[in-house]
Amino acid sequence: MSVLDVLQERGYIQQMTHEEEIRELLEKEKITFYIGFDPTADSLHVGHFLQIMVMSHMQKAGHRPIVLIGGGTAMVGDPSGRTDMRKMLTKEEIDRNAEAFKKQMQRLIDFSNGKAIMANNADWLLNLNYIEFLRDIGVHFSVNRMLTAECFKSRLERGLSFLEFNYMLMQAYDFLELNRRYNCVMQMGGDDQWSNIIAGIELIRKKEGKQAYGMTFTLLTTSEGKKMGKTQKGAVWLDPNKTSPYEFYQYWRNIADADVEKALALLTFLPMDEVRRLGALKDKEINEAKKILAYEVTKLIHGEEEAIKAQKAAEALFESGGDLDNVPSVTVSSDVLGKKILDVLFEAKIIPSKSEGRRLVQQGGLYINNEKVESIDEYIKDDMIKDNSILIRKGKKEYHRLVIKE
RNA sequence: GGAGGGAUACCCAAGUGGCCAAAGGGGGCAGACUGUAAAUCUGUUGGCUAUCGCCUUCGAUGGUUCGAAUCCAUCUCCCUCCA
């Protein structure tokens, strides 16, 4: 079974430029391909995870991934946001973010001995000469054609700055540059990148007279059409300091029934037979599939040890077995005894304000050691402390363990 | 450069001198139901105190007024049309 079959079967692929040629190419040769990443945050999130999985599948089949960091493009900034202009990043920030990306990717991508390459388009974009660029690259682009591209159509109604319009040229140029430097012949990306990918392929054909290929992935969306990996609190991050392994595990544990199979196929390496079996489980049974999903995905991102911890914590809290040691905890000072519960929770940042805490209690949503807190005036009492800690439950499934400092 | 329109809470959006901490919807949170799911229903949704109440918030600054999201002036940003 070729990589392409694997990618297709698991549902990664949205569209390809030349299906038959790509199939042949991937089977006969070891190619170099690239995926671009914007270094605008200091961590990757679940949306990127899908792309990393694809790179991993490809690398396992012997192909060479290039992770292209958009350091040059990020330095231009992107004013497309309505209110807040995306802030322009300094070189130091970009480098730091790129380094963080690499660290997170290393669990799934092997960068040793040139098996994968990390490149930064700042290396060639920043020193471009405007006139030369217009003459060398600009001539090959027809504005008429660009305007018919799907990605610009909607923007024509909402407004499109010249700067944004140029992203297509820059991205096409990236592909050309990577083709020249590393013989990179394929670009992959989210489906929103389709037009830009095509532009790069055309540019390579015109400049180098060579054929290049493109492939886009399905957007990682839920059955409700929302982006998977987005919560009300923001993105689900791969960085354990931004989204703890426990929270990460819980995100997948709580996924909608309809999304289980898709997530298993795209975000784990479980064999497809197993994926289909798990996805077909009904009613309560599907919880088993969710546990496996949560465990597997957490393992891929945070390692086996963290995945086991997260799972144990979940069991302790929701299935009343095992110990509570692995439940995420907050350390509080030893003088909490006799203080108002709400004050303590506020200081521990478990509730954002005391008004919200009062509301929570009044609505019957706050529990200490699984006993409902009845009054907003309750104090921390001796018998609430067990094993030097207090178990707080906020709502149905948000748990915190207050560990008292010795 | 000229003409016009706009900026309201997490988002959309009403409000055009006191009854406005600000309608409605979405989202969020909590409760019921459940399977740590979905759907549904109910409550809630600036902060501080919880008892009356107090404080901060309607792009920014200043002004008019007993009283301003609402009126006036200046400024900033966004959009549309014309050049």
# chains A, B, ... in the order shown; residues from 1 in each chain; ligands from 1

$ select_by_dssp --residues "region 13-222 of chain A" --states "strand (DSSP E or B)" --output "NGL selection string"
:A and (13-16 or 32-37 or 45 or 64-69 or 117-120 or 184-190 or 213-217 or 221)

$ residues_around --residues "A22 (chain B)" --least-positions-apart "2" --cutoff "10 Å" --atoms "only C-alpha atoms (C1' of nucleotides)" --output "list in words"
U8, A9, A14, G15, C20, U57, C58 and A69 of chain B

$ closest_atom_pairs --of "chain A" --to "chain B" --cutoff "9 Å" --atoms "only C-alpha atoms (C1' of nucleotides)" --output "Markdown table"
| residue | atom | partner | partner_atom | distance |
| --- | --- | --- | --- | --- |
| A:Arg82 | CA | B:C78 | C1' | 8.1 |
| A:Thr83 | CA | B:C78 | C1' | 8.2 |
| A:Gln232 | CA | B:G28 | C1' | 7.2 |
| A:Gln250 | CA | B:U36 | C1' | 8.3 |
| A:Arg253 | CA | B:U36 | C1' | 7.3 |
| A:Asn254 | CA | B:U36 | C1' | 6.3 |
| A:Ile255 | CA | B:A37 | C1' | 7.2 |
| A:Ala256 | CA | B:A37 | C1' | 5.4 |
| A:Asp257 | CA | B:A37 | C1' | 5.7 |
| A:Ala258 | CA | B:A38 | C1' | 8.9 |
| A:Asp283 | CA | B:G35 | C1' | 7.0 |
| A:Lys284 | CA | B:G35 | C1' | 4.9 |
| A:Glu285 | CA | B:G35 | C1' | 8.2 |
| A:Ile286 | CA | B:G35 | C1' | 8.5 |
| A:Asn287 | CA | B:G35 | C1' | 7.0 |
| A:Ala314 | CA | B:U36 | C1' | 8.9 |
| A:Phe318 | CA | B:U36 | C1' | 7.0 |
| A:Ser353 | CA | B:G47 | C1' | 8.1 |
| A:Lys354 | CA | B:C48 | C1' | 8.8 |
| A:Ser355 | CA | B:G47 | C1' | 7.7 |
| A:Arg359 | CA | B:U44 | C1' | 7.8 |
| A:Leu360 | CA | B:A30 | C1' | 6.4 |
| A:Val361 | CA | B:A30 | C1' | 9.0 |
| A:Gln362 | CA | B:A30 | C1' | 8.9 |
| A:Gln363 | CA | B:A30 | C1' | 5.6 |
| A:Gly364 | CA | B:G31 | C1' | 7.2 |
| A:Gly365 | CA | B:A30 | C1' | 5.9 |
| A:Gly395 | CA | B:A30 | C1' | 6.7 |
| A:Lys396 | CA | B:U36 | C1' | 8.2 |
| A:Lys397 | CA | B:U36 | C1' | 6.5 |

$ write_last_selection --atoms "N, CA and C atoms" --output "mmCIF file, in the first residue's frame"
data_model
loop_
_atom_site.group_PDB
_atom_site.id
_atom_site.type_symbol
_atom_site.label_atom_id
_atom_site.label_comp_id
_atom_site.auth_asym_id
_atom_site.auth_seq_id
_atom_site.Cartn_x
_atom_site.Cartn_y
_atom_site.Cartn_z
ATOM 1 N N ARG A 82 -9.754 42.837 11.134
ATOM 2 C CA ARG A 82 -10.493 44.085 11.150
ATOM 3 C C ARG A 82 -9.914 45.123 12.096
ATOM 4 N N THR A 83 -9.924 44.752 13.332
ATOM 5 C CA THR A 83 -9.562 45.732 14.351
ATOM 6 C C THR A 83 -8.070 45.729 14.648
ATOM 7 N N GLN A 232 -13.753 27.559 23.536
ATOM 8 C CA GLN A 232 -14.097 28.943 23.855
ATOM 9 C C GLN A 232 -12.886 29.650 24.447
ATOM 10 N N GLN A 250 -8.495 15.615 27.943
ATOM 11 C CA GLN A 250 -9.921 15.854 28.137
ATOM 12 C C GLN A 250 -10.599 16.393 26.877
ATOM 13 N N ARG A 253 -11.277 13.417 24.883
ATOM 14 C CA ARG A 253 -12.198 12.549 25.595
ATOM 15 C C ARG A 253 -13.630 13.076 25.442
ATOM 16 N N ASN A 254 -13.765 14.368 25.299
ATOM 17 C CA ASN A 254 -15.092 14.983 25.224
ATOM 18 C C ASN A 254 -15.565 15.274 23.810
ATOM 19 N N ILE A 255 -14.872 14.755 22.864
ATOM 20 C CA ILE A 255 -15.207 15.023 21.473
ATOM 21 C C ILE A 255 -16.599 14.455 21.138
ATOM 22 N N ALA A 256 -17.250 15.044 20.158
ATOM 23 C CA ALA A 256 -18.590 14.572 19.778
ATOM 24 C C ALA A 256 -18.511 13.182 19.141
ATOM 25 N N ASP A 257 -19.546 12.397 19.350
ATOM 26 C CA ASP A 257 -19.590 11.031 18.802
ATOM 27 C C ASP A 257 -19.233 11.010 17.323
ATOM 28 N N ALA A 258 -19.833 11.940 16.603
ATOM 29 C CA ALA A 258 -19.721 11.944 15.151
ATOM 30 C C ALA A 258 -18.296 12.204 14.670
ATOM 31 N N ASP A 283 -23.802 4.377 21.112
ATOM 32 C CA ASP A 283 -24.212 4.786 22.455
ATOM 33 C C ASP A 283 -23.052 4.830 23.447
ATOM 34 N N LYS A 284 -23.285 4.236 24.611
ATOM 35 C CA LYS A 284 -22.245 4.284 25.652
ATOM 36 C C LYS A 284 -20.920 3.699 25.191
ATOM 37 N N GLU A 285 -21.029 2.715 24.333
ATOM 38 C CA GLU A 285 -19.840 1.994 23.877
ATOM 39 C C GLU A 285 -18.779 2.926 23.295
ATOM 40 N N ILE A 286 -19.249 3.973 22.647
ATOM 41 C CA ILE A 286 -18.305 4.825 21.942
ATOM 42 C C ILE A 286 -17.370 5.546 22.902
ATOM 43 N N ASN A 287 -17.746 5.558 24.166
ATOM 44 C CA ASN A 287 -16.837 6.140 25.145
ATOM 45 C C ASN A 287 -15.493 5.428 25.168
ATOM 46 N N ALA A 314 -8.096 11.042 34.893
ATOM 47 C CA ALA A 314 -9.486 10.993 34.419
ATOM 48 C C ALA A 314 -10.230 9.856 35.095
ATOM 49 N N PHE A 318 -13.489 10.591 37.284
ATOM 50 C CA PHE A 318 -14.784 10.283 36.694
ATOM 51 C C PHE A 318 -15.254 8.855 36.946
ATOM 52 N N SER A 353 -13.417 35.827 39.112
ATOM 53 C CA SER A 353 -13.839 36.924 39.966
ATOM 54 C C SER A 353 -14.712 36.336 41.058
ATOM 55 N N LYS A 354 -14.870 37.091 42.131
ATOM 56 C CA LYS A 354 -15.699 36.563 43.220
ATOM 57 C C LYS A 354 -17.172 36.592 42.860
ATOM 58 N N SER A 355 -17.542 37.546 42.016
ATOM 59 C CA SER A 355 -18.946 37.562 41.569
ATOM 60 C C SER A 355 -19.266 36.264 40.859
ATOM 61 N N ARG A 359 -21.959 33.379 41.926
ATOM 62 C CA ARG A 359 -22.931 32.876 40.962
ATOM 63 C C ARG A 359 -22.855 31.348 40.909
ATOM 64 N N LEU A 360 -21.635 30.873 40.837
ATOM 65 C CA LEU A 360 -21.400 29.438 40.730
ATOM 66 C C LEU A 360 -22.006 28.708 41.923
ATOM 67 N N VAL A 361 -21.764 29.224 43.111
ATOM 68 C CA VAL A 361 -22.307 28.592 44.313
ATOM 69 C C VAL A 361 -23.827 28.676 44.317
ATOM 70 N N GLN A 362 -24.341 29.837 43.983
ATOM 71 C CA GLN A 362 -25.786 30.027 43.993
ATOM 72 C C GLN A 362 -26.483 29.090 43.014
ATOM 73 N N GLN A 363 -25.783 28.782 41.931
ATOM 74 C CA GLN A 363 -26.383 27.883 40.949
ATOM 75 C C GLN A 363 -26.070 26.418 41.249
ATOM 76 N N GLY A 364 -25.403 26.203 42.369
ATOM 77 C CA GLY A 364 -25.119 24.835 42.772
ATOM 78 C C GLY A 364 -24.056 24.161 41.943
ATOM 79 N N GLY A 365 -23.072 24.924 41.521
ATOM 80 C CA GLY A 365 -22.064 24.339 40.652
ATOM 81 C C GLY A 365 -20.690 24.183 41.273
ATOM 82 N N GLY A 395 -18.514 23.085 38.298
ATOM 83 C CA GLY A 395 -19.385 22.569 37.250
ATOM 84 C C GLY A 395 -19.323 21.070 37.176
ATOM 85 N N LYS A 396 -19.615 20.551 36.006
ATOM 86 C CA LYS A 396 -19.752 19.111 35.906
ATOM 87 C C LYS A 396 -18.419 18.386 35.807
ATOM 88 N N LYS A 397 -17.496 18.984 35.095
ATOM 89 C CA LYS A 397 -16.284 18.207 34.886
ATOM 90 C C LYS A 397 -14.978 18.974 34.941
#

$ closest_residue --among "B:U61, B:G17, B:U51, B:G4" --to "A73 (chain B)" --atoms "only C-alpha atoms (C1' of nucleotides)"
B:U61

$ residues_around --residues "Tyr379 (chain A)" --least-positions-apart "4" --cutoff "6 Å" --atoms "only C-alpha atoms (C1' of nucleotides)" --output "number ranges by chain"
A: 338-341

$ residues_around --residues "A60 (chain B)" --least-positions-apart "3" --cutoff "12 Å" --atoms "only C-alpha atoms (C1' of nucleotides)" --output "ChimeraX atom specification"
/B:7,74-77

$ write_last_selection --atoms "N, CA and C atoms (P, O5', C5', C4', C3', O3' and C1' of nucleotides)" --output "compact mmCIF listing (two decimals), in the first residue's frame"
# COMPACT_ATOMS: atom_id res chain seq x y z
P A B 7 -22.07 53.32 15.22
O5' A B 7 -20.62 52.78 15.58
C5' A B 7 -20.35 51.37 15.50
C4' A B 7 -18.89 51.14 15.82
C3' A B 7 -18.57 51.25 17.31
O3' A B 7 -17.75 50.16 17.73
C1' A B 7 -17.22 52.75 16.03
P U B 74 -14.75 70.48 15.21
O5' U B 74 -13.44 69.82 15.83
C5' U B 74 -12.31 70.63 16.14
C4' U B 74 -11.33 69.86 16.98
C3' U B 74 -10.84 68.55 16.38
O3' U B 74 -9.81 68.74 15.42
C1' U B 74 -11.46 68.18 18.62
P C B 75 -9.76 67.74 14.17
O5' C B 75 -9.12 66.44 14.83
C5' C B 75 -7.83 66.49 15.43
C4' C B 75 -7.59 65.25 16.26
C3' C B 75 -7.65 63.93 15.50
O3' C B 75 -6.45 63.67 14.80
C1' C B 75 -8.87 63.73 17.51
P U B 76 -6.49 62.76 13.48
O5' U B 76 -6.68 61.30 14.09
C5' U B 76 -5.65 60.70 14.88
C4' U B 76 -6.10 59.35 15.37
C3' U B 76 -6.58 58.41 14.28
O3' U B 76 -5.50 57.76 13.62
C1' U B 76 -8.11 58.37 16.07
P C B 77 -5.65 57.46 12.04
O5' C B 77 -6.56 56.16 12.03
C5' C B 77 -6.12 54.96 12.64
C4' C B 77 -7.29 54.03 12.85
C3' C B 77 -8.07 53.67 11.59
O3' C B 77 -7.43 52.64 10.85
C1' C B 77 -9.58 54.26 13.30

$ decode --residues "region 24-66 of chain B" --atoms "N, CA and C atoms (P, O5', C5', C4', C3', O3' and C1' of nucleotides)" --output "compact mmCIF listing (two decimals), in the first residue's frame"
# COMPACT_ATOMS: atom_id res chain seq x y z
P G B 24 -33.39 40.93 26.61
O5' G B 24 -33.38 40.63 25.04
C5' G B 24 -34.60 40.50 24.30
C4' G B 24 -34.29 40.26 22.85
C3' G B 24 -33.34 39.09 22.58
O3' G B 24 -34.03 37.85 22.58
C1' G B 24 -32.61 40.98 21.37
P G B 25 -33.29 36.58 23.13
O5' G B 25 -32.28 36.23 21.95
C5' G B 25 -32.78 35.86 20.67
C4' G B 25 -31.67 35.85 19.66
C3' G B 25 -30.50 34.93 19.98
O3' G B 25 -30.77 33.58 19.69
C1' G B 25 -29.68 37.01 19.23
P G B 26 -30.13 32.45 20.57
O5' G B 26 -28.61 32.46 20.12
C5' G B 26 -28.26 32.13 18.77
C4' G B 26 -26.82 32.45 18.51
C3' G B 26 -25.83 31.78 19.44
O3' G B 26 -25.58 30.43 19.10
C1' G B 26 -25.25 34.05 19.20
P G B 27 -25.43 29.35 20.24
O5' G B 27 -24.03 29.75 20.88
C5' G B 27 -22.83 29.67 20.12
C4' G B 27 -21.72 30.37 20.86
C3' G B 27 -21.46 29.87 22.27
O3' G B 27 -20.68 28.70 22.29
C1' G B 27 -21.54 32.22 22.28
P G B 28 -20.92 27.65 23.46
O5' G B 28 -20.38 28.44 24.75
C5' G B 28 -19.02 28.77 24.84
C4' G B 28 -18.78 29.59 26.09
C3' G B 28 -19.19 28.90 27.38
O3' G B 28 -18.18 28.04 27.84
C1' G B 28 -20.03 31.10 27.36
P C B 29 -18.58 26.69 28.57
O5' C B 29 -19.11 27.21 29.98
C5' C B 29 -18.23 27.83 30.89
C4' C B 29 -19.02 28.40 32.05
C3' C B 29 -19.96 27.42 32.75
O3' C B 29 -19.27 26.58 33.65
C1' C B 29 -21.12 29.42 32.34
P A B 30 -19.79 25.10 33.82
O5' A B 30 -21.09 25.30 34.70
C5' A B 30 -21.00 25.76 36.04
C4' A B 30 -22.37 25.98 36.61
C3' A B 30 -23.32 24.80 36.51
O3' A B 30 -23.08 23.84 37.52
C1' A B 30 -24.43 26.74 35.81
P G B 31 -23.49 22.34 37.28
O5' G B 31 -25.07 22.40 37.34
C5' G B 31 -25.73 22.66 38.58
C4' G B 31 -27.22 22.73 38.37
C3' G B 31 -27.86 21.49 37.75
O3' G B 31 -28.06 20.46 38.70
C1' G B 31 -28.68 23.41 36.66
P A B 32 -28.02 18.96 38.24
O5' A B 32 -29.39 18.84 37.42
C5' A B 32 -30.63 18.92 38.10
C4' A B 32 -31.75 18.73 37.10
C3' A B 32 -31.66 17.45 36.27
O3' A B 32 -32.15 16.32 36.97
C1' A B 32 -32.17 19.29 34.87
P C B 33 -31.48 14.92 36.83
O5' C B 33 -31.73 14.57 35.29
C5' C B 33 -33.05 14.34 34.81
C4' C B 33 -33.02 14.15 33.32
C3' C B 33 -32.01 13.11 32.83
O3' C B 33 -32.51 11.79 32.98
C1' C B 33 -31.83 15.06 31.51
P U B 34 -31.54 10.61 33.28
O5' U B 34 -30.61 10.71 32.01
C5' U B 34 -29.92 9.60 31.54
C4' U B 34 -29.00 10.02 30.45
C3' U B 34 -27.57 9.52 30.63
O3' U B 34 -27.47 8.18 30.20
C1' U B 34 -27.54 11.80 30.01
P G B 35 -26.61 7.18 30.99
O5' G B 35 -25.16 7.73 30.62
C5' G B 35 -24.01 7.13 31.20
C4' G B 35 -22.81 7.59 30.42
C3' G B 35 -22.57 9.09 30.48
O3' G B 35 -21.20 9.34 30.64
C1' G B 35 -22.75 8.36 28.24
P U B 36 -20.46 9.37 31.89
O5' U B 36 -19.70 10.76 31.79
C5' U B 36 -20.39 11.98 31.94
C4' U B 36 -19.53 13.11 31.37
C3' U B 36 -19.43 13.09 29.86
O3' U B 36 -19.62 14.40 29.36
C1' U B 36 -17.28 13.17 30.83
P A B 37 -20.95 14.96 28.77
O5' A B 37 -20.96 14.36 27.30
C5' A B 37 -19.82 14.55 26.46
C4' A B 37 -20.18 14.24 25.04
C3' A B 37 -21.30 15.06 24.45
O3' A B 37 -20.85 16.34 24.05
C1' A B 37 -21.60 12.80 23.86
P A B 38 -21.84 17.57 24.13
O5' A B 38 -22.90 17.23 22.99
C5' A B 38 -22.54 17.35 21.61
C4' A B 38 -23.70 16.88 20.77
C3' A B 38 -24.99 17.67 20.93
O3' A B 38 -24.99 18.82 20.12
C1' A B 38 -25.45 15.36 21.07
P A B 39 -25.76 20.12 20.61
O5' A B 39 -27.29 19.67 20.58
C5' A B 39 -27.95 19.46 19.33
C4' A B 39 -29.32 18.91 19.60
C3' A B 39 -30.20 19.76 20.51
O3' A B 39 -30.84 20.80 19.81
C1' A B 39 -30.26 17.52 21.24
P U B 40 -31.12 22.19 20.54
O5' U B 40 -32.19 21.80 21.64
C5' U B 40 -33.51 21.38 21.26
C4' U B 40 -34.27 20.90 22.47
C3' U B 40 -34.42 21.92 23.59
O3' U B 40 -35.48 22.83 23.34
C1' U B 40 -33.75 19.85 24.51
P C B 41 -35.30 24.37 23.72
O5' C B 41 -35.73 24.37 25.25
C5' C B 41 -37.02 23.91 25.64
C4' C B 41 -37.03 23.63 27.12
C3' C B 41 -36.53 24.77 28.00
O3' C B 41 -37.52 25.76 28.21
C1' C B 41 -35.52 22.77 28.69
P U B 42 -37.10 27.27 28.35
O5' U B 42 -36.50 27.31 29.82
C5' U B 42 -37.35 27.10 30.95
C4' U B 42 -36.53 27.10 32.21
C3' U B 42 -35.64 28.32 32.42
O3' U B 42 -36.36 29.44 32.92
C1' U B 42 -34.39 26.37 32.87
P G B 43 -35.87 30.91 32.55
O5' G B 43 -34.60 31.09 33.48
C5' G B 43 -34.74 31.12 34.90
C4' G B 43 -33.39 30.97 35.55
C3' G B 43 -32.39 32.07 35.24
O3' G B 43 -32.61 33.23 36.03
C1' G B 43 -31.34 29.97 35.05
P U B 44 -32.16 34.66 35.47
O5' U B 44 -30.58 34.53 35.40
C5' U B 44 -29.80 34.49 36.59
C4' U B 44 -28.36 34.21 36.23
C3' U B 44 -27.69 35.27 35.39
O3' U B 44 -27.20 36.33 36.20
C1' U B 44 -27.25 33.15 34.46
P U B 45 -27.13 37.80 35.58
O5' U B 45 -25.88 37.69 34.60
C5' U B 45 -24.58 37.43 35.12
C4' U B 45 -23.62 37.22 33.98
C3' U B 45 -23.58 38.37 32.99
O3' U B 45 -22.69 39.36 33.45
C1' U B 45 -23.64 36.28 31.85
P G B 46 -23.04 40.89 33.28
O5' G B 46 -21.63 41.59 33.58
C5' G B 46 -20.45 40.99 33.07
C4' G B 46 -19.26 41.83 33.46
C3' G B 46 -18.92 41.84 34.94
O3' G B 46 -18.17 40.70 35.31
C1' G B 46 -18.90 44.05 34.13
P G B 47 -18.24 40.14 36.76
O5' G B 47 -17.46 41.24 37.59
C5' G B 47 -16.05 41.34 37.51
C4' G B 47 -15.57 42.47 38.38
C3' G B 47 -15.90 42.33 39.86
O3' G B 47 -14.95 41.54 40.53
C1' G B 47 -16.50 44.50 39.12
P C B 48 -15.34 40.79 41.83
O5' C B 48 -15.55 41.98 42.88
C5' C B 48 -14.45 42.74 43.33
C4' C B 48 -14.92 43.77 44.33
C3' C B 48 -15.77 43.21 45.47
O3' C B 48 -14.97 42.60 46.46
C1' C B 48 -16.77 45.17 44.62
P U B 49 -15.66 41.66 47.51
O5' U B 49 -16.67 42.66 48.22
C5' U B 49 -17.03 42.50 49.59
C4' U B 49 -18.26 43.27 49.88
C3' U B 49 -19.48 42.45 50.26
O3' U B 49 -19.42 42.02 51.61
C1' U B 49 -20.12 44.09 48.69
P A B 50 -20.12 40.71 51.99
O5' A B 50 -21.60 41.22 52.29
C5' A B 50 -22.70 40.34 52.17
C4' A B 50 -23.71 40.98 51.26
C3' A B 50 -24.95 40.16 50.98
O3' A B 50 -25.92 40.38 51.99
C1' A B 50 -24.07 41.00 48.96
P U B 51 -27.45 39.84 51.83
O5' U B 51 -28.13 40.68 50.64
C5' U B 51 -29.52 41.04 50.70
C4' U B 51 -29.70 42.47 51.15
C3' U B 51 -29.37 43.56 50.13
O3' U B 51 -30.42 43.75 49.19
C1' U B 51 -28.55 44.16 52.27
P C B 52 -30.18 44.47 47.82
O5' C B 52 -30.22 46.01 48.18
C5' C B 52 -31.46 46.69 48.39
C4' C B 52 -31.24 47.94 49.21
C3' C B 52 -30.45 49.05 48.53
O3' C B 52 -31.26 49.85 47.68
C1' C B 52 -29.63 48.74 50.72
P G B 53 -30.73 50.31 46.26
O5' G B 53 -29.20 50.67 46.51
C5' G B 53 -28.83 51.88 47.15
C4' G B 53 -27.41 51.80 47.66
C3' G B 53 -26.33 52.18 46.65
O3' G B 53 -26.16 53.59 46.59
C1' G B 53 -25.72 50.16 47.73
P C B 54 -25.65 54.25 45.19
O5' C B 54 -24.10 53.90 45.20
C5' C B 54 -23.23 54.46 46.20
C4' C B 54 -21.87 53.80 46.12
C3' C B 54 -21.16 53.93 44.77
O3' C B 54 -20.51 55.19 44.64
C1' C B 54 -21.05 51.69 45.51
P C B 55 -20.37 55.84 43.17
O5' C B 55 -19.25 54.91 42.53
C5' C B 55 -17.90 54.94 43.01
C4' C B 55 -17.07 53.89 42.32
C3' C B 55 -17.00 54.01 40.80
O3' C B 55 -16.03 54.96 40.40
C1' C B 55 -17.44 51.75 41.40
P U B 56 -16.23 55.72 38.97
O5' U B 56 -15.93 54.56 37.91
C5' U B 56 -14.60 54.25 37.53
C4' U B 56 -14.58 53.05 36.61
C3' U B 56 -15.26 53.24 35.25
O3' U B 56 -14.47 53.93 34.31
C1' U B 56 -15.98 51.21 36.19
P U B 57 -15.20 54.74 33.13
O5' U B 57 -15.83 53.56 32.26
C5' U B 57 -14.99 52.73 31.47
C4' U B 57 -15.80 51.68 30.75
C3' U B 57 -16.79 52.19 29.70
O3' U B 57 -16.15 52.52 28.49
C1' U B 57 -17.85 50.54 31.01
P C B 58 -16.39 53.96 27.82
O5' C B 58 -17.10 53.59 26.46
C5' C B 58 -18.23 52.86 26.48
C4' C B 58 -18.67 52.44 25.12
C3' C B 58 -19.06 53.60 24.19
O3' C B 58 -18.92 53.20 22.83
C1' C B 58 -20.99 52.45 24.94
P G B 59 -18.48 54.30 21.73
O5' G B 59 -16.88 54.26 21.67
C5' G B 59 -16.18 53.02 21.80
C4' G B 59 -14.73 53.24 21.49
C3' G B 59 -14.10 54.44 22.20
O3' G B 59 -13.68 54.12 23.51
C1' G B 59 -13.56 54.50 19.90
P A B 60 -13.58 55.30 24.59
O5' A B 60 -12.36 56.15 24.04
C5' A B 60 -11.01 55.81 24.35
C4' A B 60 -10.11 56.98 24.07
C3' A B 60 -10.44 58.22 24.90
O3' A B 60 -9.79 58.20 26.16
C1' A B 60 -10.25 58.82 22.62
P U B 61 -10.50 58.97 27.38
O5' U B 61 -10.20 60.50 27.09
C5' U B 61 -8.87 61.00 27.08
C4' U B 61 -8.85 62.40 26.51
C3' U B 61 -9.72 63.41 27.24
O3' U B 61 -9.08 63.94 28.39
C1' U B 61 -10.05 63.61 24.90
P G B 62 -10.01 64.39 29.62
O5' G B 62 -10.79 65.65 29.03
C5' G B 62 -10.26 66.95 29.19
C4' G B 62 -10.97 67.92 28.28
C3' G B 62 -12.31 68.44 28.74
O3' G B 62 -12.22 69.42 29.75
C1' G B 62 -12.43 67.92 26.45
P G B 63 -13.44 69.57 30.78
O5' G B 63 -14.64 70.11 29.88
C5' G B 63 -14.64 71.46 29.47
C4' G B 63 -15.75 71.72 28.48
C3' G B 63 -17.16 71.79 29.05
O3' G B 63 -17.44 73.01 29.69
C1' G B 63 -17.16 70.57 27.02
P U B 64 -18.59 73.10 30.79
O5' U B 64 -19.93 72.94 29.95
C5' U B 64 -20.38 73.98 29.10
C4' U B 64 -21.72 73.60 28.50
C3' U B 64 -22.80 73.24 29.51
O3' U B 64 -23.43 74.39 30.07
C1' U B 64 -22.77 71.63 27.79
P U B 65 -23.61 74.51 31.63
O5' U B 65 -24.67 73.38 31.93
C5' U B 65 -25.99 73.46 31.40
C4' U B 65 -26.73 72.17 31.65
C3' U B 65 -26.75 71.71 33.11
O3' U B 65 -27.72 72.40 33.88
C1' U B 65 -26.25 69.88 31.68
P C B 66 -27.31 72.93 35.30
O5' C B 66 -27.21 71.57 36.14
C5' C B 66 -26.61 71.56 37.45
C4' C B 66 -26.93 70.27 38.14
C3' C B 66 -26.62 69.02 37.33
O3' C B 66 -25.27 68.64 37.46
C1' C B 66 -28.81 68.87 38.21
